[in-house]
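Here the structure comes first, spelled out in C-alpha cells, and everything after it is commentary.
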Amino acid sequence: MRRQHLVPNLMVAQTVEDYAFEISSTDGVRIGGEYYDTHRGPVGIFIHGFRSDLAGHKSTALARDARRRNRSWLRFDLRGHGRSEGEFESFRISDALDDLLTVLDMVAARPVILVGSSLGGWLAALAATMRPKQIAGMVLIAPAFNFVQTIYGTLSNAELRAWRTRGLREFEDRYGGAPFALHYDVLADAMAFDVFKLPGAIQCAVRIVHGADDDVVPYRVSERFVEQVGRQDMRLEVVPGAGHRLNNQIPRMQHYVDELWDKAVARCR
C-alpha cells in the first residue's frame, strides 16, 4: 500500500493520519481512496453508487462530518470509477464486491460501519453476510438491490439477443450524463448475487433511508429486504417526496451513523 499524506501538518497529537492510498485487489487492479485514521475505535466506510465516486456529495459530506467528530473514516472508488483502475465497460458485481472486501482487509482488526449508497448498499449487504464479525452496522441509502438484473434484465428478447451478439450495449444515463456501455456478461455475474437469496444471515444493525418517490429503485425493494431479513435491530425510513439521490437528506444519514457508531464503540471495549 502506498500512502500519500494529504495534510500532515494537521495531525492530531501525532496519532491521526489523513492520506490518499492505493491498494491492489485480489486480481491486481489498483483501488484508490482516502482514509482519515485515528487508530482507535470503529471505522466508517462509504461505498459510492453506480457511476459515482468518492468525490460525490454524500461521500464528501459524511467524510467531513467524521473528521469533525474525529472518527476514522474511509472512502474509495470501485474499479472503473474515479481514481481507481479498470474499464467501466467491464463492471461486474463480483469485482466490485472484491474491491470492498479488499478495503475491509485494510481495517480487519476493527469493527466497521458500512455506509452504502445505491449500488453501495447492495455491496454492503453482500459483504455483511461474508464478514459478520467485522461489520458492526450498516446505513443503506436507497440501496439498489439487484438493480443489474432488474433494470437490464427486463430488456426485450430481441434487445438481449443483440446485446449478447455484440458483447457491448450502450445505455442512456437517467440523469442526463454521457451514455455508457456494459458487457453482456454483467447479467450472468449479477445473478449470483441476488440479495434475496443471500447465503448467510445479516447479523448487524441496519438503518435504511429510501425516497418515497424514487423512480430508479422503488422503496418497495427496501421493504422487501426488511421483511426477508427480519432482524429486530433494523429500521427503514421512507422519506416523503424524496427521489433516488437523497442529497438533501445528509442529516438523516448522519443521525443513523451516530446511532450505529455508539453500538460499534461498545464492541471496541
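By convention here, the chains of the C-alpha cells are called A, B, ... in the order presented, each chain's residues are numbered starting at 1, and ligands are numbered starting at 1 in the order presented.
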Return as CSV the residues of region 128-216 of chain A lying at most 9 Å from region 79-96 of chain A, together with the closest atom-to-atom pair for each and the distance in Å to one decimal, counting only C-alpha atoms, with rows in chain order and ascending residue number.
residue,atom,partner,partner_atom,distance
A:Val148,CA,A:Ile93,CA,8.7
A:Leu168,CA,A:Glu89,CA,7.8
A:Phe180,CA,A:Glu89,CA,7.6
A:Ala181,CA,A:Glu89,CA,5.5
A:Leu182,CA,A:Glu89,CA,4.5
A:His183,CA,A:Glu89,CA,6.0
A:Asp185,CA,A:Arg92,CA,8.3
A:Val186,CA,A:Arg92,CA,5.4
A:Leu187,CA,A:Arg92,CA,8.5
A:Asp189,CA,A:Arg92,CA,6.5
A:Ala190,CA,A:Ile93,CA,5.8
A:Ala192,CA,A:Ser94,CA,8.5
A:Phe193,CA,A:Ile93,CA,7.5
Hey, what's within 9 Å of Val216 (chain A) if we count only C-alpha atoms and toss same-chain stuff fewer than 2 positions away? As a CSV table (one decimal) with C-alpha atoms, in the first residue's frame, please?
chain,number,residue,atom,x,y,z
A,144,ALA,CA,-30.1,-0.7,-5.3
A,147,PHE,CA,-30.5,-3.4,-9.9
A,151,ILE,CA,-33.1,-2.9,-15.0
A,174,ARG,CA,-31.0,8.6,-16.4
A,214,ASP,CA,-37.5,7.0,-6.0
A,218,PRO,CA,-38.6,1.9,-5.7
A,243,GLY,CA,-36.1,10.7,-5.1
A,244,HIS,CA,-33.2,8.4,-5.5
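Taking CA of Ser222 (chain A) as the reference point, CA of Ala66 (chain A) is found at 26.2 Å.
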* To do: Would you kindly return, as number ranges by chain, each protein, DNA or RNA residue with an atom no farther than 7 Å from any atom of region 29-46 of chain A, considering only C-alpha atoms and excluding same-chain residues fewer than 4 positions away?
  => A: 15-25, 59, 71-79, 83-86, 110-116, 264-265, 268
* Determine which residues of region 35-74 of chain A DSSP labels as strand (DSSP E) from the backbone of this structure, then write them out as a ChimeraX atom specification. => /A:35-37,43-47,72-74
Output for the residues just chosen: C-alpha atoms as a PDB file, in the first residue's frame:
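again38.pdb, freshly written:
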ATOM      1  CA  TYR A  35      -8.518   7.404   4.795  1.00  0.00           C
ATOM      2  CA  TYR A  36      -8.804   9.534   7.915  1.00  0.00           C
ATOM      3  CA  ASP A  37      -7.474   7.178  10.569  1.00  0.00           C
ATOM      4  CA  VAL A  43     -14.038   2.700  11.097  1.00  0.00           C
ATOM      5  CA  GLY A  44     -16.737   4.105   8.831  1.00  0.00           C
ATOM      6  CA  ILE A  45     -16.516   3.076   5.172  1.00  0.00           C
ATOM      7  CA  PHE A  46     -18.516   4.827   2.465  1.00  0.00           C
ATOM      8  CA  ILE A  47     -19.364   2.847  -0.694  1.00  0.00           C
ATOM      9  CA  SER A  72     -11.890   7.070  11.480  1.00  0.00           C
ATOM     10  CA  TRP A  73     -13.439   7.242   8.014  1.00  0.00           C
ATOM     11  CA  LEU A  74     -12.515   5.636   4.720  1.00  0.00           C
TER      12      LEU A  74
END
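Distance-wise, CA of Asp98 (chain A) and CA of Leu119 (chain A) end up 13.9 Å apart.
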* Asked: Which residue, A:Ala266, A:Thr129, A:Ile135, A:Val209, has the smallest gap to Val229 (chain A) when you use only C-alpha atoms?
  -> A:Thr129
